[in-house]
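Printed here is structure.cif (mmCIF, C-alpha atoms):
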data_start
#
loop_
_atom_site.label_atom_id
_atom_site.label_comp_id
_atom_site.auth_asym_id
_atom_site.auth_seq_id
_atom_site.Cartn_x
_atom_site.Cartn_y
_atom_site.Cartn_z
CA MET I 1 20.77 18.71 25.45
CA THR I 2 21.27 15.65 27.59
CA GLN I 3 22.10 12.33 25.97
CA LYS I 4 18.58 10.99 26.54
CA LYS I 5 16.87 13.95 24.96
CA GLN I 6 19.27 13.84 22.06
CA ASP I 7 18.44 10.18 21.41
CA ALA I 8 14.74 10.92 21.32
CA TYR I 9 15.27 13.90 19.03
CA HIS I 10 17.40 11.76 16.75
CA GLU I 11 14.72 9.04 16.50
CA PHE I 12 12.09 11.64 15.68
CA ILE I 13 14.03 13.38 12.92
CA LYS I 14 15.03 10.02 11.44
CA GLY I 15 11.40 9.22 10.60
CA LEU I 16 10.56 12.67 9.41
CA TRP I 17 13.40 13.14 6.99
CA ARG I 18 16.46 10.89 6.76
CA ASP I 19 14.57 7.55 6.71
CA ASN I 20 11.25 8.92 5.52
CA PRO I 21 8.98 5.88 5.13
CA VAL I 22 7.69 6.91 1.72
CA PHE I 23 10.44 8.86 -0.02
CA VAL I 24 13.42 6.87 1.24
CA GLN I 25 12.16 3.44 2.27
CA VAL I 26 9.29 3.34 -0.29
CA LEU I 27 6.93 1.59 2.14
CA GLY I 28 3.22 1.83 2.68
CA MET I 29 2.36 2.81 -0.82
CA CYS I 30 -0.90 0.91 -1.27
CA PRO I 31 -3.19 3.07 0.81
CA MET I 32 -1.25 6.15 -0.02
CA LEU I 33 -1.56 6.62 -3.78
CA ALA I 34 -5.27 5.86 -3.85
CA VAL I 35 -6.38 8.59 -1.48
CA THR I 36 -4.02 11.41 -2.35
CA ASN I 37 -6.16 12.99 -5.05
CA SER I 38 -6.74 16.00 -2.80
CA ALA I 39 -4.89 17.57 0.10
CA VAL I 40 -7.80 17.10 2.53
CA ASN I 41 -8.13 13.37 1.84
CA ALA I 42 -4.37 13.00 2.13
CA LEU I 43 -4.36 14.69 5.53
CA ALA I 44 -7.27 12.57 6.79
CA MET I 45 -5.51 9.41 5.70
CA GLY I 46 -2.26 10.66 7.25
CA GLY I 47 -4.08 11.41 10.51
CA ALA I 48 -5.68 7.97 10.64
CA THR I 49 -2.35 6.26 10.00
CA PHE I 50 -0.71 8.52 12.59
CA PHE I 51 -3.16 7.44 15.27
CA VAL I 52 -2.88 3.74 14.44
CA LEU I 53 0.91 3.75 14.29
CA VAL I 54 1.45 5.65 17.54
CA THR I 55 -1.11 3.70 19.57
CA SER I 56 0.00 0.29 18.33
CA SER I 57 3.68 1.14 18.85
CA PHE I 58 2.81 2.14 22.40
CA LEU I 59 0.90 -1.08 23.06
CA VAL I 60 3.43 -3.36 21.40
CA SER I 61 6.38 -1.86 23.25
CA SER I 62 4.59 -2.03 26.59
CA LEU I 63 3.46 -5.64 26.03
CA LYS I 64 6.69 -6.87 24.46
CA ARG I 65 7.66 -8.86 27.52
CA TRP I 66 4.52 -11.01 27.29
CA ILE I 67 4.33 -11.60 23.54
CA PRO I 68 5.79 -15.02 22.64
CA LYS I 69 8.34 -14.88 19.82
CA GLN I 70 6.60 -17.48 17.62
CA VAL I 71 3.29 -15.64 17.32
CA ARG I 72 4.56 -12.08 17.47
CA ILE I 73 3.61 -11.11 13.91
CA SER I 74 0.02 -12.30 14.30
CA THR I 75 -0.18 -10.49 17.63
CA TYR I 76 1.01 -7.25 16.06
CA ILE I 77 -1.51 -7.62 13.26
CA ILE I 78 -4.36 -8.16 15.68
CA ILE I 79 -3.30 -5.13 17.73
CA ILE I 80 -3.08 -3.01 14.59
CA ALA I 81 -6.43 -4.28 13.30
CA THR I 82 -8.08 -3.36 16.60
CA PHE I 83 -6.87 0.23 16.40
CA VAL I 84 -7.84 0.45 12.73
CA THR I 85 -11.37 -0.66 13.59
CA VAL I 86 -11.50 2.03 16.28
CA THR I 87 -10.31 4.64 13.78
CA ASP I 88 -12.78 3.47 11.17
CA PHE I 89 -15.79 3.85 13.47
CA THR I 90 -14.54 7.14 14.93
CA LEU I 91 -14.11 8.71 11.51
CA GLU I 92 -17.52 7.44 10.43
CA ALA I 93 -19.09 9.14 13.44
CA LEU I 94 -17.15 12.41 13.30
CA VAL I 95 -16.59 13.17 9.59
CA PRO I 96 -18.96 10.98 7.54
CA GLY I 97 -18.16 12.86 4.31
CA ILE I 98 -14.43 12.17 4.39
CA HIS I 99 -15.03 8.65 5.66
CA LYS I 100 -17.17 7.95 2.61
CA GLU I 101 -14.54 9.30 0.25
CA LEU I 102 -11.73 7.24 1.80
CA GLY I 103 -14.08 4.25 1.88
CA ALA I 104 -12.41 0.87 1.92
CA PHE I 105 -8.96 2.39 2.24
CA ILE I 106 -9.30 2.97 5.98
CA PRO I 107 -9.60 -0.76 6.81
CA LEU I 108 -6.70 -1.26 4.43
CA ILE I 109 -4.39 0.65 6.79
CA VAL I 110 -3.95 -2.78 8.42
CA ALA I 111 -2.07 -3.97 5.36
CA ASN I 112 0.27 -0.96 5.40
CA CYS I 113 3.65 -2.64 5.61
CA MET I 114 5.17 0.48 7.16
CA ILE I 115 3.17 0.03 10.40
CA LEU I 116 3.95 -3.65 10.83
CA GLY I 117 7.56 -2.92 9.92
CA ARG I 118 7.91 -0.39 12.74
CA GLN I 119 6.50 -2.86 15.28
CA GLU I 120 8.88 -5.60 14.20
CA ALA I 121 11.96 -3.46 13.68
CA PHE I 122 11.63 -0.94 16.48
CA ALA I 123 8.75 -1.05 18.96
CA SER I 124 9.34 -4.69 19.95
CA ARG I 125 12.90 -4.04 21.05
CA HIS I 126 12.96 -0.55 22.55
CA SER I 127 11.50 1.17 25.58
CA VAL I 128 7.97 2.58 25.46
CA ARG I 129 9.24 6.15 25.35
CA LEU I 130 11.59 5.62 22.41
CA ALA I 131 9.02 3.52 20.57
CA VAL I 132 6.42 6.28 20.82
CA VAL I 133 8.91 8.92 19.70
CA ASP I 134 9.95 6.74 16.77
CA ALA I 135 6.30 6.18 15.83
CA LEU I 136 5.62 9.93 16.06
CA GLY I 137 8.53 10.61 13.72
CA MET I 138 7.62 7.92 11.20
CA ALA I 139 3.96 8.91 11.24
CA SER I 140 4.80 12.58 10.73
CA GLY I 141 7.09 11.61 7.87
CA PHE I 142 4.31 9.56 6.32
CA MET I 143 1.85 12.40 6.76
CA PHE I 144 4.29 14.86 5.22
CA ALA I 145 4.73 12.58 2.21
CA LEU I 146 0.99 12.08 1.80
CA PHE I 147 0.39 15.80 2.06
CA SER I 148 3.03 16.72 -0.51
CA LEU I 149 1.63 14.14 -2.93
CA GLY I 150 -1.97 15.23 -2.34
CA ALA I 151 -1.14 18.92 -2.63
CA VAL I 152 0.80 18.49 -5.90
CA ARG I 153 -1.99 16.40 -7.41
CA GLU I 154 -4.74 18.77 -6.33
CA ILE I 155 -2.90 21.89 -7.48
CA LEU I 156 -2.16 20.46 -10.93
CA GLY I 157 -5.34 18.45 -11.32
CA GLU I 158 -7.89 20.97 -10.13
CA GLY I 159 -5.93 24.20 -9.86
CA ALA I 160 -6.88 24.39 -6.20
CA LEU I 161 -5.57 23.68 -2.71
CA PHE I 162 -7.98 22.64 0.07
CA GLY I 163 -10.74 23.56 -2.38
CA PHE I 164 -9.62 27.17 -2.90
CA LYS I 165 -8.95 28.10 -6.50
CA LEU I 166 -5.33 29.16 -6.95
CA PHE I 167 -5.26 30.23 -10.57
CA GLY I 168 -7.46 32.44 -12.74
CA GLU I 169 -10.23 31.38 -15.09
CA ASN I 170 -7.81 30.51 -17.87
CA PHE I 171 -6.15 27.64 -16.03
CA GLU I 172 -6.82 24.34 -17.75
CA PRO I 173 -6.66 21.60 -15.08
CA TRP I 174 -4.55 18.52 -15.80
CA VAL I 175 -7.31 16.05 -15.06
CA ILE I 176 -4.89 13.14 -15.41
CA MET I 177 -3.22 14.17 -12.15
CA ILE I 178 -6.24 13.35 -9.98
CA LEU I 179 -6.87 10.09 -11.84
CA PRO I 180 -4.86 6.94 -10.98
CA PRO I 181 -1.99 7.49 -13.48
CA GLY I 182 -1.31 10.87 -11.88
CA GLY I 183 -0.59 9.14 -8.58
CA PHE I 184 2.10 6.95 -10.08
CA LEU I 185 3.62 9.79 -12.09
CA THR I 186 3.67 12.27 -9.19
CA LEU I 187 5.25 9.80 -6.79
CA GLY I 188 7.81 8.83 -9.45
CA LEU I 189 8.76 12.44 -10.00
CA LEU I 190 8.90 13.18 -6.26
CA LEU I 191 11.22 10.20 -5.76
CA LEU I 192 13.36 11.50 -8.59
CA PHE I 193 13.54 14.88 -6.86
CA PHE I 194 14.59 13.25 -3.58
CA ASN I 195 17.23 11.16 -5.36
CA TRP I 196 18.57 14.35 -6.84
CA LEU I 197 18.72 16.07 -3.43
CA LYS I 198 20.56 13.09 -1.98
CA GLU I 199 22.99 12.93 -4.88
CA ARG I 200 23.75 16.63 -4.54
CA LYS I 201 24.40 16.24 -0.83
CA ASP I 202 26.67 13.22 -1.39
CA ASN I 203 28.62 15.16 -4.01
CA LEU I 204 29.02 18.06 -1.63
CA ILE I 205 30.33 15.79 1.13
CA GLN I 206 32.69 14.15 -1.35
CA ARG I 207 34.04 17.52 -2.43
CA LEU I 208 34.54 18.67 1.16
CA ASP I 209 36.45 15.46 1.87
CA ASP I 210 38.65 16.03 -1.17
CA MET I 211 39.37 19.57 -0.05
CA GLU I 212 40.33 18.34 3.37
CA VAL I 213 42.72 15.80 1.89
CA LYS I 214 44.30 18.48 -0.30
CA ALA I 215 44.64 20.89 2.62
CA ARG I 216 46.60 18.29 4.45
CA MET P 217 -25.51 -14.16 -15.72
CA ASN P 218 -24.71 -10.93 -17.46
CA ASP P 219 -23.87 -9.37 -14.12
CA VAL P 220 -21.30 -12.04 -13.38
CA VAL P 221 -19.51 -11.46 -16.69
CA TRP P 222 -19.62 -7.72 -16.15
CA ILE P 223 -18.14 -8.02 -12.66
CA PHE P 224 -15.37 -10.24 -14.04
CA VAL P 225 -14.40 -7.88 -16.89
CA SER P 226 -14.64 -4.84 -14.68
CA ALA P 227 -12.27 -6.31 -12.08
CA LEU P 228 -9.93 -7.60 -14.79
CA LEU P 229 -9.51 -4.51 -16.94
CA ILE P 230 -11.45 -1.40 -16.02
CA ASN P 231 -10.98 -1.34 -12.26
CA ASN P 232 -7.70 -3.24 -12.31
CA PHE P 233 -6.57 -3.72 -8.72
CA VAL P 234 -3.04 -2.54 -9.27
CA LEU P 235 -3.41 0.15 -11.89
CA ALA P 236 -6.69 1.75 -10.79
CA TYR P 237 -6.99 0.97 -7.07
CA PHE P 238 -3.26 0.86 -6.21
CA LEU P 239 -3.67 -2.39 -4.31
CA GLY P 240 -0.83 -4.89 -4.09
CA LEU P 241 1.80 -2.35 -5.04
CA CYS P 242 4.48 -3.91 -2.86
CA PRO P 243 4.73 -7.16 -4.88
CA PHE P 244 4.00 -5.20 -8.07
CA LEU P 245 7.18 -3.19 -7.58
CA GLY P 246 9.12 -5.75 -5.59
CA VAL P 247 8.71 -9.01 -7.50
CA SER P 248 8.52 -7.76 -11.07
CA GLN P 249 12.18 -8.02 -12.06
CA ARG P 250 11.76 -11.29 -13.91
CA LEU P 251 8.97 -12.51 -16.12
CA ASP P 252 8.68 -16.10 -14.89
CA THR P 253 8.74 -15.18 -11.19
CA ALA P 254 6.10 -12.55 -11.85
CA PHE P 255 3.92 -15.09 -13.60
CA ARG P 256 4.16 -17.60 -10.77
CA LEU P 257 3.44 -14.93 -8.19
CA GLY P 258 0.37 -14.03 -10.25
CA LEU P 259 -0.86 -17.63 -10.24
CA ALA P 260 -0.38 -17.87 -6.49
CA THR P 261 -2.30 -14.61 -6.05
CA ILE P 262 -5.26 -15.88 -8.10
CA PHE P 263 -5.30 -18.95 -5.89
CA VAL P 264 -5.22 -17.00 -2.63
CA MET P 265 -7.85 -14.57 -3.92
CA LEU P 266 -10.30 -17.38 -4.66
CA ILE P 267 -9.83 -18.78 -1.17
CA THR P 268 -10.22 -15.30 0.28
CA ALA P 269 -13.48 -14.71 -1.54
CA LEU P 270 -14.76 -18.02 -0.26
CA CYS P 271 -13.76 -17.24 3.35
CA ALA P 272 -15.13 -13.72 3.18
CA TRP P 273 -18.46 -14.93 1.82
CA PHE P 274 -18.71 -17.59 4.49
CA LEU P 275 -17.84 -15.20 7.32
CA ASN P 276 -20.23 -12.54 6.08
CA THR P 277 -23.18 -14.84 5.60
CA TYR P 278 -22.95 -16.98 8.68
CA ILE P 279 -20.89 -15.30 11.37
CA LEU P 280 -20.43 -11.57 10.98
CA ILE P 281 -24.13 -10.73 10.90
CA HIS P 282 -23.95 -11.16 14.65
CA ALA P 283 -20.84 -9.03 15.18
CA PRO P 284 -20.07 -6.67 12.27
CA TYR P 285 -17.43 -4.76 14.23
CA LEU P 286 -15.16 -7.82 14.21
CA ARG P 287 -15.07 -7.87 10.41
CA LEU P 288 -11.54 -6.61 9.87
CA ILE P 289 -9.89 -8.72 12.56
CA SER P 290 -11.70 -11.92 11.61
CA PHE P 291 -10.93 -11.42 7.89
CA ILE P 292 -7.22 -11.15 8.58
CA VAL P 293 -7.03 -14.04 11.00
CA VAL P 294 -9.24 -16.43 9.05
CA ILE P 295 -7.69 -15.71 5.66
CA ALA P 296 -4.13 -15.95 6.93
CA SER P 297 -4.73 -19.23 8.74
CA THR P 298 -6.69 -20.80 5.87
CA VAL P 299 -3.92 -20.00 3.43
CA GLN P 300 -1.34 -21.35 5.83
CA PHE P 301 -3.35 -24.56 6.18
CA ILE P 302 -3.79 -25.00 2.44
CA GLU P 303 -0.09 -24.36 1.96
CA MET P 304 0.64 -27.32 4.23
CA VAL P 305 -1.87 -29.49 2.35
CA ILE P 306 -0.29 -28.63 -1.01
CA LYS P 307 3.16 -29.32 0.35
CA LYS P 308 2.03 -32.79 1.34
CA LEU P 309 -0.05 -33.64 -1.73
CA SER P 310 1.69 -31.98 -4.66
CA PRO P 311 5.34 -31.01 -4.20
CA PRO P 312 5.68 -29.62 -7.78
CA LEU P 313 2.75 -27.26 -7.23
CA PHE P 314 4.22 -26.27 -3.88
CA LYS P 315 7.52 -25.53 -5.54
CA ALA P 316 5.80 -23.29 -8.08
CA LEU P 317 3.61 -21.35 -5.66
CA GLY P 318 4.97 -22.21 -2.23
CA ILE P 319 7.32 -19.42 -1.28
CA PHE P 320 4.85 -16.80 -2.42
CA LEU P 321 1.78 -17.95 -0.51
CA PRO P 322 2.65 -16.56 2.94
CA LEU P 323 3.99 -13.39 1.31
CA ILE P 324 0.73 -12.71 -0.48
CA THR P 325 -1.56 -13.40 2.43
CA THR P 326 -0.91 -10.11 4.17
CA ASN P 327 -0.91 -8.20 0.91
CA CYS P 328 -3.38 -5.32 0.69
CA ALA P 329 -4.87 -6.66 -2.54
CA ILE P 330 -6.16 -9.72 -0.69
CA LEU P 331 -7.70 -7.78 2.17
CA GLY P 332 -8.95 -5.19 -0.31
CA LEU P 333 -10.72 -7.90 -2.29
CA ALA P 334 -12.52 -9.15 0.82
CA ILE P 335 -13.54 -5.65 1.87
CA PHE P 336 -14.66 -4.49 -1.59
CA ALA P 337 -16.68 -7.65 -2.15
CA THR P 338 -18.37 -7.14 1.23
CA ASN P 339 -19.09 -3.46 0.61
CA LYS P 340 -20.65 -4.23 -2.76
CA GLY P 341 -22.78 -6.99 -1.24
CA TYR P 342 -21.82 -9.70 -3.72
CA ASP P 343 -23.32 -13.16 -3.37
CA PHE P 344 -21.25 -16.31 -3.71
CA VAL P 345 -21.06 -16.58 -7.53
CA GLU P 346 -20.51 -12.85 -8.00
CA GLY P 347 -17.82 -12.88 -5.32
CA MET P 348 -15.95 -15.74 -6.96
CA SER P 349 -16.07 -14.11 -10.40
CA TYR P 350 -14.88 -10.85 -8.82
CA ALA P 351 -11.96 -12.71 -7.21
CA LEU P 352 -11.04 -14.45 -10.45
CA GLY P 353 -11.18 -11.18 -12.40
CA ALA P 354 -9.14 -9.32 -9.79
CA GLY P 355 -6.55 -12.11 -9.64
CA LEU P 356 -6.18 -12.31 -13.40
CA GLY P 357 -6.01 -8.51 -13.59
CA PHE P 358 -3.23 -8.51 -11.01
CA THR P 359 -1.34 -11.17 -12.95
CA LEU P 360 -1.79 -9.25 -16.19
CA ALA P 361 -0.45 -6.03 -14.68
CA LEU P 362 2.44 -7.85 -13.02
CA VAL P 363 3.47 -9.70 -16.18
CA LEU P 364 3.25 -6.54 -18.32
CA MET P 365 5.35 -4.67 -15.78
CA ALA P 366 7.95 -7.45 -15.59
CA GLY P 367 8.23 -7.50 -19.38
CA LEU P 368 8.75 -3.76 -19.51
CA ARG P 369 11.28 -3.88 -16.71
CA GLU P 370 13.31 -6.58 -18.43
CA GLU P 371 13.51 -4.22 -21.42
CA THR P 372 14.63 -1.25 -19.35
CA GLU P 373 17.47 -3.34 -17.91
CA LEU P 374 19.07 -3.21 -21.35
CA ALA P 375 18.18 0.36 -22.17
CA GLU P 376 20.36 3.32 -21.40
CA VAL P 377 18.65 5.08 -18.54
CA PRO P 378 20.16 8.01 -16.61
CA ARG P 379 21.57 6.73 -13.33
CA LEU P 380 19.51 9.10 -11.20
CA ILE P 381 16.14 7.81 -12.38
CA ARG P 382 16.97 4.09 -12.17
CA GLY P 383 15.05 2.06 -9.60
CA THR P 384 11.73 2.90 -8.02
CA ALA P 385 11.29 6.28 -9.69
CA LEU P 386 11.53 4.75 -13.16
CA ASN P 387 9.24 1.86 -12.22
CA LEU P 388 6.60 4.23 -10.92
CA ILE P 389 6.67 6.29 -14.10
CA ILE P 390 6.34 3.10 -16.18
CA ALA P 391 3.41 2.08 -13.97
CA GLY P 392 1.85 5.49 -14.55
CA ILE P 393 2.01 5.04 -18.31
CA LEU P 394 0.58 1.50 -18.01
CA SER P 395 -2.21 2.86 -15.87
CA MET P 396 -2.95 5.50 -18.49
CA ALA P 397 -3.18 2.77 -21.12
CA PHE P 398 -5.61 0.81 -18.95
CA MET P 399 -7.83 3.87 -18.61
CA GLY P 400 -8.72 3.28 -22.23
CA PHE P 401 -10.70 0.21 -21.18
CA ALA P 402 -13.16 2.45 -19.35
CA GLY P 403 -14.92 3.03 -22.67
CA LEU P 404 -15.26 -0.69 -23.29
CA PHE P 405 -18.84 -1.09 -22.15
CA SER P 406 -20.20 2.42 -22.46
CA THR P 407 -22.39 1.54 -25.44
CA ALA P 408 -23.75 -1.68 -23.95
#

Can you dump the structure from the file as structure tokens?
Amino acid sequence: MTQKKQDAYHEFIKGLWRDNPVFVQVLGMCPMLAVTNSAVNALAMGGATFFVLVTSSFLVSSLKRWIPKQVRISTYIIIIATFVTVTDFTLEALVPGIHKELGAFIPLIVANCMILGRQEAFASRHSVRLAVVDALGMASGFMFALFSLGAVREILGEGALFGFKLFGENFEPWVIMILPPGGFLTLGLLLLFFNWLKERKDNLIQRLDDMEVKAR
Amino acid sequence: MNDVVWIFVSALLINNFVLAYFLGLCPFLGVSQRLDTAFRLGLATIFVMLITALCAWFLNTYILIHAPYLRLISFIVVIASTVQFIEMVIKKLSPPLFKALGIFLPLITTNCAILGLAIFATNKGYDFVEGMSYALGAGLGFTLALVLMAGLREETELAEVPRLIRGTALNLIIAGILSMAFMGFAGLFSTA
């Protein structure tokens, strides 16, 4: 791989895993817990956020030369709000059922701090190509997080995934999981799991370092 | 009249913005380490929410009937600039009040709870009085949740908690249990 390609690959993977916006940075939680009571809703929300993040990163990074420093945040917000309005009307026209279920949470994508954060921290100071790759990575990471949350909640709360029943007749659904408390609890436990993974990795690295020192 | 009270109680307890709609989670998790800060943030939020409801009602009744597709953009711009303006007025007129609320005002303005309030109130078609009572209920509900959370977090500082769970994971699980407790309020008006 050439250096350029490697950079792009690195930016992409960063968003998807190492700096995952939800599990590692804990950003953008408001719209995310409310709509993850089923895997389908989670994916729709993830898709909408994906579109908004990638398009606004593209626009911000291509316009960055002309945006005055003093009003940059308001400019980003207006750009994001424009794309959210587009998404809102598109979803209403294409999939009215899902649009109704997500309801007011689509306009609320504007207030997702993750999107504004990417514009300020990355898109406004990198080339268009890198900004789009970074947005793709972050958005995929966000979508992955939404999907895992939605899938866990739907499986435990309804015993189903995408509406297909997974367990037999005797399964008693944990209704609490699709209600609001389930969102908090599931995300808390997922964060715990990720902390554990990270801790295990750090320990492993530590042990390898110790071994190296001893070998010397 | 009854409707106004019902809207207020519903926004305060049953459909609490933080614990049932997940709005305003960033300050809920970010600024709830200490009780007094949490309380002042809550007061500032009530204040901004009342202004928001006023702006949203004004925009909806007089301007947005001509251009509904501009709703989202105009809400954000108008609310943010009004709050900014009022912040300057307070700074000039009442320095103690500015000291109590000041630093939080710009922080709250772009919070999803504020925008959520404007959008929910529009979707439900509230008139002016209903909108204001909704804003007051939502603001007080937010403050209540924030203060409860801060109190619980101050306790966990002293408790022996495994290192791995400390931080956001623990706070989310506490929030989950709080949210479960608030679900009990859903039965409050079922007989009425």

Can you build me a table of chain I residues sitting at most 6 Å from chain P, with the closest atom pair per residue and its distance in Å to one decimal, using only C-alpha atoms, sorted by chain and residue number, as JSON lines?
{"residue": "I:Cys30", "atom": "CA", "partner": "P:Leu239", "partner_atom": "CA", "distance": 5.3}
{"residue": "I:Ala34", "atom": "CA", "partner": "P:Phe238", "partner_atom": "CA", "distance": 5.9}
{"residue": "I:Ala81", "atom": "CA", "partner": "P:Ile289", "partner_atom": "CA", "distance": 5.7}
{"residue": "I:Ala111", "atom": "CA", "partner": "P:Cys328", "partner_atom": "CA", "distance": 5.0}
{"residue": "I:Pro180", "atom": "CA", "partner": "P:Ala236", "partner_atom": "CA", "distance": 5.5}
{"residue": "I:Pro181", "atom": "CA", "partner": "P:Gly392", "partner_atom": "CA", "distance": 4.5}
{"residue": "I:Phe184", "atom": "CA", "partner": "P:Gly392", "partner_atom": "CA", "distance": 4.7}
{"residue": "I:Leu185", "atom": "CA", "partner": "P:Ile389", "partner_atom": "CA", "distance": 5.1}
{"residue": "I:Gly188", "atom": "CA", "partner": "P:Ala385", "partner_atom": "CA", "distance": 4.3}
{"residue": "I:Leu191", "atom": "CA", "partner": "P:Ala385", "partner_atom": "CA", "distance": 5.6}
{"residue": "I:Leu192", "atom": "CA", "partner": "P:Ala385", "partner_atom": "CA", "distance": 5.7}

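Considering the residues P:Gly355, P:Gly403, P:Gly367, P:Pro378 and counting only C-alpha atoms, Met265 in chain P has its shortest atom-to-atom contact with P:Gly355.
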
CA of Glu370 in chain P and CA of Phe314 in chain P, how far apart in Å?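 Between these atoms lies a distance of 26.1 Å.
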
Quick one: residues within 10 Å of range 134-136 of chain I, only C-alpha atoms, excluding same-chain residues fewer than 5 positions away - as an MDAnalysis selection string? chainID I and resid 8:16 50:58 115 118:119 122:123 126 128:129 141:142

Hey, can you check how far CA of Thr85 in chain I sits from CA of Pro107 in chain I?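 According to the coordinates, CA of Thr85 in chain I and CA of Pro107 in chain I are separated by 7.0 Å.
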
Got a sec to resolve the PyMOL selection byres ((chain P and resi 258) around 10) on this structure and send the residues as a ChimeraX atom specification? /P:243-244,252-257,259-264,317,320,324,355-363

Rank nothing, just name the residue among P:Ile302, P:Trp273, P:Trp222, P:Phe291 nearest to Ile77 in chain I, using all atoms listed in the file.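 Residue with the minimum atom-to-atom distance to Ile77 in chain I: P:Phe291.
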
Grab the CA of Asp219 in chain P to CA of Pro284 in chain P distance for me, in Å with one decimal place.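 Result for CA of Asp219 in chain P versus CA of Pro284 in chain P: 26.8 Å, one decimal.
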
Residues within 7 Å of Ala334 in chain P, only C-alpha atoms, excluding chain neighbours under 4 positions, as number ranges by chain: P: 268-269, 272, 330, 338

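Of the listed residues (P:Leu229, P:Leu352, P:Ala337, P:Leu321), P:Leu321 comes nearest to Thr298 in chain P; the distances count all atoms listed in the file.
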
Residue rebuild result range 381-393 of chain P, N, CA and C atoms as an mmCIF file, in the coordinates of the input:
data_model
loop_
_atom_site.group_PDB
_atom_site.id
_atom_site.type_symbol
_atom_site.label_atom_id
_atom_site.label_comp_id
_atom_site.auth_asym_id
_atom_site.auth_seq_id
_atom_site.Cartn_x
_atom_site.Cartn_y
_atom_site.Cartn_z
ATOM 1 N N ILE P 381 17.539 8.206 -12.330
ATOM 2 C CA ILE P 381 16.140 7.810 -12.380
ATOM 3 C C ILE P 381 15.976 6.298 -12.202
ATOM 4 N N ARG P 382 17.058 5.553 -12.312
ATOM 5 C CA ARG P 382 16.970 4.090 -12.170
ATOM 6 C C ARG P 382 16.323 3.688 -10.852
ATOM 7 N N GLY P 383 15.640 2.549 -10.848
ATOM 8 C CA GLY P 383 15.050 2.060 -9.600
ATOM 9 C C GLY P 383 13.589 2.434 -9.490
ATOM 10 N N THR P 384 13.159 2.733 -8.260
ATOM 11 C CA THR P 384 11.730 2.900 -8.020
ATOM 12 C C THR P 384 11.126 4.037 -8.824
ATOM 13 N N ALA P 385 11.854 5.144 -8.972
ATOM 14 C CA ALA P 385 11.290 6.280 -9.690
ATOM 15 C C ALA P 385 10.902 5.876 -11.110
ATOM 16 N N LEU P 386 11.812 5.178 -11.789
ATOM 17 C CA LEU P 386 11.530 4.750 -13.160
ATOM 18 C C LEU P 386 10.350 3.779 -13.188
ATOM 19 N N ASN P 387 10.332 2.835 -12.241
ATOM 20 C CA ASN P 387 9.240 1.860 -12.220
ATOM 21 C C ASN P 387 7.898 2.526 -12.021
ATOM 22 N N LEU P 388 7.866 3.552 -11.169
ATOM 23 C CA LEU P 388 6.600 4.230 -10.920
ATOM 24 C C LEU P 388 6.132 4.960 -12.163
ATOM 25 N N ILE P 389 7.076 5.557 -12.896
ATOM 26 C CA ILE P 389 6.670 6.290 -14.100
ATOM 27 C C ILE P 389 6.171 5.304 -15.153
ATOM 28 N N ILE P 390 6.832 4.130 -15.265
ATOM 29 C CA ILE P 390 6.340 3.100 -16.180
ATOM 30 C C ILE P 390 4.926 2.684 -15.770
ATOM 31 N N ALA P 391 4.732 2.485 -14.457
ATOM 32 C CA ALA P 391 3.410 2.080 -13.970
ATOM 33 C C ALA P 391 2.374 3.140 -14.309
ATOM 34 N N GLY P 392 2.767 4.408 -14.213
ATOM 35 C CA GLY P 392 1.850 5.490 -14.550
ATOM 36 C C GLY P 392 1.398 5.408 -15.993
ATOM 37 N N ILE P 393 2.361 5.122 -16.887
ATOM 38 C CA ILE P 393 2.010 5.040 -18.310
ATOM 39 C C ILE P 393 1.123 3.830 -18.574
#
